[in-house]
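Q: There's a structure below that I have some questions on.
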Amino acid sequence: MVTATIFYSRYLAGRIATEERRKVEEWADAQRYIAHATPEQDILFASLLVAGQTSIPVIETDERDSITGCHNIDDAIPSTDTTRLRRLLQEFAEAHPPIVTYLDTGRTRFNRYYYGESSLLRQVRHYPMVQLGIAALFIAVAFLSLAARHRAEQDRLWTALAKETAHQLGTPLSAMEGWMAMLRESPSDPGIVDEMQRDLERLKRVSERFGRIGGPPRLEPCELSSLVPHVVDYVSKRAAARVSMTVHMEPGDEYRVMASPTLLEWVVENLLRNALDALEGSGEVRVRLHREGGEVCIDVSDTGKGMSRTDQGRIFRPGFTTKKRGWGLGLTLSLRIVREYHGGRLSVWASEPGRGTTFRVVLKAAEG
C-alpha cells in the first residue's frame, strides 16, 4: 500500500509541477504584457492573472541575474535581505530551469523568473513519508499487541496444562489412596489389588500422553472400530446414571487410519467428557464412525445445552471454557493432536443453543 502511494504521489507531484510551471509562464507573460501595454490596451485579464498567482514563490532577475523582485516569498525573508534571497534563488535554479521573458526585439534585455514549489506540491511530495511513518507506527503497535497477546496465551496454556496434569494424575492417585486404606482393612481381598493395577495403568497412560505432546509421535496402523468403542466403554462407566452413550458404525466397513493410539484415545476421551459436561447429568451421547471418500470421520454428538456462534469461534482457544469448573485445555490439546500430529481436522460440525453439539474429527484413511 505504501509503495503504491509513493508511486501515485510522485505521479501527482509531476502533474502539479507541470501545471505550476505553466502558471508561472502565464504569469511572466502577463507581467511583460502589462509592462509594455499602451494606454489603449486592456490589461484587466493580465492583471487578474498576476493577482491570482499567490501560491508559487518566484524571484525575478534581469539579464545580469541581479534580483529585481520577489513574489510569494516567505515573510521571514525580507525583500532587502539579498544574501538569503540569493541563496533561495540558487535553490530554485537547481530545482527548475528559469523562465525567460524578452523585453526587446533584439533579445538583449530580458527577465529571468526563478520559481520554487508551492506548499501544496511540497505536501504531496512529503505525504508518502508521512504515510510510511504512520504505517510503521501501526505495524509496531500491532506487533507489540500480538506479542503481548501471544505471551498471555502462552501463560494461560502453561497454567491450564499444569492444572490439567494435576487433574489427570489426581483421579487415579486418589483412587489408589482409597484402595490402600481398604487393603489395610482387608489384606486378603484380591479384587483390591486388581483395581489398584488398573489405576496404576491409568497413571502410566496419563504419563505417556503428556510425554508424547512434546514432539511428533510415531504413527502406526490403528483400527478405530475397536479403539473408539473401548474409550466409550471406559467413559460410560464413569458417567451419570441418566446418561446413555452409544456407538454407531456400518458393519463390515474398515476404519483404519495411521495414528498414535494413545493420543487418539485422548482426543476421543476429551470429546466425550466435553459432551458429558454439556449434558449436566442427563441426556444422550452418540458417537458415529463413517467414511467419506478417502477419509474417516468420528462424530461425537450430545443433546446438551449447545453453543452460541461466538463460543464456537473461541472454543479451541487455550483457557476458554463454558464450564464453571475447568481450565479450557482439553479441546486445545485435541486440536493440536489431530491437526499437527495426524494431519487431520477437528471442528464444531453443528451446534445450536438448547439442541446440542456435534464435534467432528476427520482423519485420512490408511491405504491397504
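We label chains A, B, ... in the order they appear in the C-alpha cells, count residues from 1 in each chain, and number ligands from 1 in the order shown.
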Quick one: residues within 10 Å of Glu284 (chain A), only C-alpha atoms counted, chain neighbours fewer than 6 positions away excluded, as a VMD selection string?
A: chain A and resid 242 to 246 275 to 276 301 to 304 356
Q: Can those selected residues be exported to a file as a short mmCIF file (atom, residue, chain, number, x, y, z; two decimals), in the first residue's frame so that it contains C-alpha atoms?
A:
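See again.cif below for the written result:
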data_model
loop_
_atom_site.label_atom_id
_atom_site.label_comp_id
_atom_site.auth_asym_id
_atom_site.auth_seq_id
_atom_site.Cartn_x
_atom_site.Cartn_y
_atom_site.Cartn_z
CA ARG A 242 -29.16 -40.87 33.48
CA VAL A 243 -26.67 -40.53 30.61
CA SER A 244 -26.68 -43.01 27.72
CA MET A 245 -23.69 -43.43 25.38
CA THR A 246 -23.91 -45.32 22.09
CA ALA A 275 -20.22 -33.88 25.83
CA LEU A 276 -20.90 -35.15 29.35
CA SER A 301 -22.88 -35.61 19.38
CA ASP A 302 -24.71 -34.69 22.56
CA THR A 303 -28.19 -33.46 23.44
CA GLY A 304 -26.85 -30.82 25.81
CA GLY A 356 -26.82 -29.95 21.45
#
Q: Quick one: DSSP alpha helix (DSSP H) residues in region 312-360 of chain A, as number ranges by chain?
A: A: 312-314, 330-336
Q: With only C-alpha atoms as the atoms that count, which of A:Ser119, A:Ser9, A:Gln31, A:Gln90 lies nearest to Ser55 (chain A)?
A: A:Ser119
Q: What does the distance between CA of Pro57 (chain A) and CA of Cys70 (chain A) come to in Å, to one decimal place?
A: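 Spanning CA of Pro57 (chain A) to CA of Cys70 (chain A) is a straight-line distance of 7.6 Å.
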Q: Out of A:Leu271, A:Val296, A:Met176, A:Ala350, which residue has the shortest atom-to-atom distance to Thr332 (chain A) when counting only C-alpha atoms?
A: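 That would be A:Leu271, the residue with the smallest distance to Thr332 (chain A).
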Q: Go through A:Gln131, A:Ser66, A:Thr54, A:Asn274 one by one, measure the shortest atom-to-atom distance of each to Ser334 (chain A) using only C-alpha atoms, and give the residue with the smallest value.
A: A:Asn274
Q: For the atom pair CA of Arg84 (chain A) and CA of Gly14 (chain A), what is the interatomic distance in Å to one decimal place?
A: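 Taking CA of Arg84 (chain A) as the start and CA of Gly14 (chain A) as the end point, the length is 27.6 Å.
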Q: Taking only C-alpha atoms into account, which of A:Glu280, A:Asp81, A:Asp29, A:Asp42 comes nearest Asn111 (chain A)?
A: A:Asp29
Q: Which is closest to Met1 (chain A) among A:Ala278, A:Ile315, A:Leu132, A:Leu183, if we use only C-alpha atoms?
A: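 Nearest to Met1 (chain A): A:Leu132.
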Q: Contacts of Arg21 (chain A) at 9 Å or less, counting only C-alpha atoms, minus same-chain residues fewer than 5 places along, as a list in words?
A: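 Near neighbours after the sequence-gap exclusion: Ile16, Glu26, His96, Ile99 and Tyr115 of chain A.
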Q: When you count only C-alpha atoms, which of these residues is closest to Gly133 (chain A): A:Val338, A:Val300, A:Val2, A:Ala95?
A: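 Nearest candidate to Gly133 (chain A) out of A:Val338, A:Val300, A:Val2, A:Ala95: A:Val2.
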Q: With a distance cut-off of 6 Å and only C-alpha atoms, select the neighbouring residues of region 60-65 of chain A, excluding the residue or stretch itself and same-chain residues fewer than 6 positions from it, and output the selection as a list of chain:residue names.
A: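 Once the adjacent positions are removed, what remains is A:Phe110, A:Asn111, A:Arg112, A:Tyr113.
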Q: Let me see the file: selected residues, N, CA and C atoms, as a JSON list (two decimals), in the first residue's frame.
A:
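What ended up in selection33.json:
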[["chain", "number", "residue", "atom", "x", "y", "z"],
["A", 110, "PHE", "N", 16.17, 41.18, -21.01],
["A", 110, "PHE", "CA", 15.19, 40.14, -20.66],
["A", 110, "PHE", "C", 15.18, 39.96, -19.14],
["A", 111, "ASN", "N", 14.14, 39.30, -18.70],
["A", 111, "ASN", "CA", 13.99, 38.94, -17.28],
["A", 111, "ASN", "C", 14.02, 37.41, -17.14],
["A", 112, "ARG", "N", 14.59, 36.99, -16.04],
["A", 112, "ARG", "CA", 14.53, 35.56, -15.69],
["A", 112, "ARG", "C", 13.65, 35.42, -14.44],
["A", 113, "TYR", "N", 12.81, 34.41, -14.48],
["A", 113, "TYR", "CA", 11.92, 34.13, -13.34],
["A", 113, "TYR", "C", 12.27, 32.75, -12.79]]
Q: Within 8 Å of Arg218 (chain A), counting only C-alpha atoms, which residues qualify if same-chain residues fewer than 2 places away don't, as a PDB file with N, CA and C atoms, in the first residue's frame?
A:
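The new file result.pdb reads:
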ATOM      1  N   PRO A 216       6.582 -34.892  17.735  1.00  0.00           N
ATOM      2  CA  PRO A 216       5.767 -35.707  16.830  1.00  0.00           C
ATOM      3  C   PRO A 216       5.818 -37.181  17.223  1.00  0.00           C
ATOM      4  N   GLU A 220       1.132 -45.396  13.599  1.00  0.00           N
ATOM      5  CA  GLU A 220       1.025 -46.806  13.236  1.00  0.00           C
ATOM      6  C   GLU A 220      -0.399 -47.102  12.811  1.00  0.00           C
ATOM      7  N   ALA A 259      -2.147 -43.545  13.014  1.00  0.00           N
ATOM      8  CA  ALA A 259      -2.326 -42.690  14.180  1.00  0.00           C
ATOM      9  C   ALA A 259      -1.483 -43.190  15.338  1.00  0.00           C
ATOM     10  N   SER A 260      -1.414 -42.354  16.366  1.00  0.00           N
ATOM     11  CA  SER A 260      -0.872 -42.747  17.662  1.00  0.00           C
ATOM     12  C   SER A 260      -2.058 -43.142  18.523  1.00  0.00           C
TER      13      SER A 260
END
Q: Fewer than 5 positions away in the same chain doesn't count, so skip those; otherwise give me all residues within 10 Å of Ala366 (chain A), counting only C-alpha atoms, as a PyMOL selection string.
A: chain A and resi 220-223+254-259+294-296
Q: Dump C-alpha atoms for the selected residues as a tab-separated table (two decimals), in the first residue's frame?
A:
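Saved to selection33.tsv:
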chain	number	residue	atom	x	y	z
A	220	GLU	CA	1.03	-46.81	13.24
A	221	PRO	CA	-2.00	-48.53	11.68
A	222	CYS	CA	-4.93	-48.11	14.04
A	223	GLU	CA	-8.42	-49.60	13.70
A	254	GLU	CA	-12.92	-50.60	7.81
A	255	TYR	CA	-11.95	-47.51	9.75
A	256	ARG	CA	-8.20	-47.89	9.71
A	257	VAL	CA	-6.00	-44.79	9.98
A	258	MET	CA	-2.35	-44.03	10.64
A	259	ALA	CA	-2.33	-42.69	14.18
A	294	GLY	CA	-10.65	-41.44	1.49
A	295	GLU	CA	-11.32	-40.04	4.97
A	296	VAL	CA	-12.65	-41.49	8.21
Q: Determine which residues of region 191-300 of chain A DSSP labels as strand (DSSP E or B) from the backbone of this structure, then write them out as a ChimeraX atom specification.
A: /A:220-223,243-249,256-259,283-292,295-300
Q: Write the residues of the selection above to a file with N, CA and C atoms, as an mmCIF file, in the first residue's frame.
A:
data_model
loop_
_atom_site.group_PDB
_atom_site.id
_atom_site.type_symbol
_atom_site.label_atom_id
_atom_site.label_comp_id
_atom_site.auth_asym_id
_atom_site.auth_seq_id
_atom_site.Cartn_x
_atom_site.Cartn_y
_atom_site.Cartn_z
ATOM 1 N N GLU A 220 1.132 -45.396 13.599
ATOM 2 C CA GLU A 220 1.025 -46.806 13.236
ATOM 3 C C GLU A 220 -0.399 -47.102 12.811
ATOM 4 N N PRO A 221 -0.615 -48.194 12.067
ATOM 5 C CA PRO A 221 -2.000 -48.530 11.680
ATOM 6 C C PRO A 221 -2.879 -48.729 12.909
ATOM 7 N N CYS A 222 -4.038 -48.089 12.880
ATOM 8 C CA CYS A 222 -4.932 -48.114 14.040
ATOM 9 C C CYS A 222 -6.364 -48.317 13.545
ATOM 10 N N GLU A 223 -7.052 -49.297 14.085
ATOM 11 C CA GLU A 223 -8.421 -49.601 13.703
ATOM 12 C C GLU A 223 -9.381 -48.895 14.662
ATOM 13 N N VAL A 243 -27.337 -40.826 31.883
ATOM 14 C CA VAL A 243 -26.669 -40.526 30.613
ATOM 15 C C VAL A 243 -26.477 -41.826 29.841
ATOM 16 N N SER A 244 -26.889 -41.836 28.583
ATOM 17 C CA SER A 244 -26.676 -43.008 27.724
ATOM 18 C C SER A 244 -25.637 -42.660 26.662
ATOM 19 N N MET A 245 -24.754 -43.625 26.374
ATOM 20 C CA MET A 245 -23.694 -43.427 25.382
ATOM 21 C C MET A 245 -23.741 -44.586 24.399
ATOM 22 N N THR A 246 -23.821 -44.286 23.118
ATOM 23 C CA THR A 246 -23.911 -45.320 22.087
ATOM 24 C C THR A 246 -22.898 -45.045 20.988
ATOM 25 N N VAL A 247 -22.504 -46.137 20.293
ATOM 26 C CA VAL A 247 -21.578 -46.051 19.168
ATOM 27 C C VAL A 247 -22.273 -46.619 17.942
ATOM 28 N N HIS A 248 -22.223 -45.899 16.827
ATOM 29 C CA HIS A 248 -22.838 -46.342 15.582
ATOM 30 C C HIS A 248 -21.766 -46.419 14.504
ATOM 31 N N MET A 249 -21.750 -47.539 13.786
ATOM 32 C CA MET A 249 -20.846 -47.689 12.644
ATOM 33 C C MET A 249 -21.437 -48.709 11.692
ATOM 34 N N ARG A 256 -9.607 -47.844 9.341
ATOM 35 C CA ARG A 256 -8.198 -47.892 9.708
ATOM 36 C C ARG A 256 -7.528 -46.585 9.299
ATOM 37 N N VAL A 257 -6.749 -46.029 10.226
ATOM 38 C CA VAL A 257 -6.002 -44.794 9.985
ATOM 39 C C VAL A 257 -4.591 -44.970 10.533
ATOM 40 N N MET A 258 -3.697 -44.091 10.073
ATOM 41 C CA MET A 258 -2.351 -44.026 10.640
ATOM 42 C C MET A 258 -2.395 -43.042 11.799
ATOM 43 N N ALA A 259 -2.147 -43.545 13.014
ATOM 44 C CA ALA A 259 -2.326 -42.690 14.180
ATOM 45 C C ALA A 259 -1.483 -43.190 15.338
ATOM 46 N N GLY A 283 -29.073 -37.072 29.590
ATOM 47 C CA GLY A 283 -29.110 -36.864 28.152
ATOM 48 C C GLY A 283 -28.458 -38.014 27.419
ATOM 49 N N GLU A 284 -28.113 -37.782 26.165
ATOM 50 C CA GLU A 284 -27.577 -38.836 25.306
ATOM 51 C C GLU A 284 -26.335 -38.348 24.578
ATOM 52 N N VAL A 285 -25.358 -39.254 24.499
ATOM 53 C CA VAL A 285 -24.147 -39.002 23.731
ATOM 54 C C VAL A 285 -24.063 -40.066 22.651
ATOM 55 N N ARG A 286 -23.951 -39.637 21.387
ATOM 56 C CA ARG A 286 -23.875 -40.577 20.274
ATOM 57 C C ARG A 286 -22.540 -40.390 19.554
ATOM 58 N N VAL A 287 -21.859 -41.507 19.343
ATOM 59 C CA VAL A 287 -20.595 -41.495 18.601
ATOM 60 C C VAL A 287 -20.825 -42.258 17.304
ATOM 61 N N ARG A 288 -20.509 -41.626 16.188
ATOM 62 C CA ARG A 288 -20.749 -42.244 14.879
ATOM 63 C C ARG A 288 -19.450 -42.282 14.093
ATOM 64 N N LEU A 289 -19.134 -43.487 13.594
ATOM 65 C CA LEU A 289 -17.985 -43.682 12.709
ATOM 66 C C LEU A 289 -18.504 -43.857 11.293
ATOM 67 N N HIS A 290 -17.932 -43.104 10.340
ATOM 68 C CA HIS A 290 -18.337 -43.277 8.951
ATOM 69 C C HIS A 290 -17.209 -42.797 8.047
ATOM 70 N N ARG A 291 -17.277 -43.235 6.802
ATOM 71 C CA ARG A 291 -16.258 -42.871 5.818
ATOM 72 C C ARG A 291 -16.840 -41.922 4.789
ATOM 73 N N GLU A 292 -16.011 -40.979 4.370
ATOM 74 C CA GLU A 292 -16.375 -40.062 3.281
ATOM 75 C C GLU A 292 -15.196 -40.019 2.323
ATOM 76 N N GLU A 295 -11.464 -40.528 3.600
ATOM 77 C CA GLU A 295 -11.324 -40.039 4.971
ATOM 78 C C GLU A 295 -12.264 -40.784 5.909
ATOM 79 N N VAL A 296 -11.836 -40.870 7.154
ATOM 80 C CA VAL A 296 -12.648 -41.486 8.209
ATOM 81 C C VAL A 296 -13.082 -40.372 9.163
ATOM 82 N N CYS A 297 -14.364 -40.352 9.480
ATOM 83 C CA CYS A 297 -14.915 -39.300 10.348
ATOM 84 C C CYS A 297 -15.396 -39.895 11.664
ATOM 85 N N ILE A 298 -15.134 -39.172 12.741
ATOM 86 C CA ILE A 298 -15.652 -39.523 14.068
ATOM 87 C C ILE A 298 -16.536 -38.370 14.511
ATOM 88 N N ASP A 299 -17.845 -38.609 14.611
ATOM 89 C CA ASP A 299 -18.777 -37.586 15.076
ATOM 90 C C ASP A 299 -19.167 -37.884 16.516
ATOM 91 N N VAL A 300 -18.983 -36.901 17.388
ATOM 92 C CA VAL A 300 -19.383 -37.024 18.794
ATOM 93 C C VAL A 300 -20.486 -36.002 19.028
#
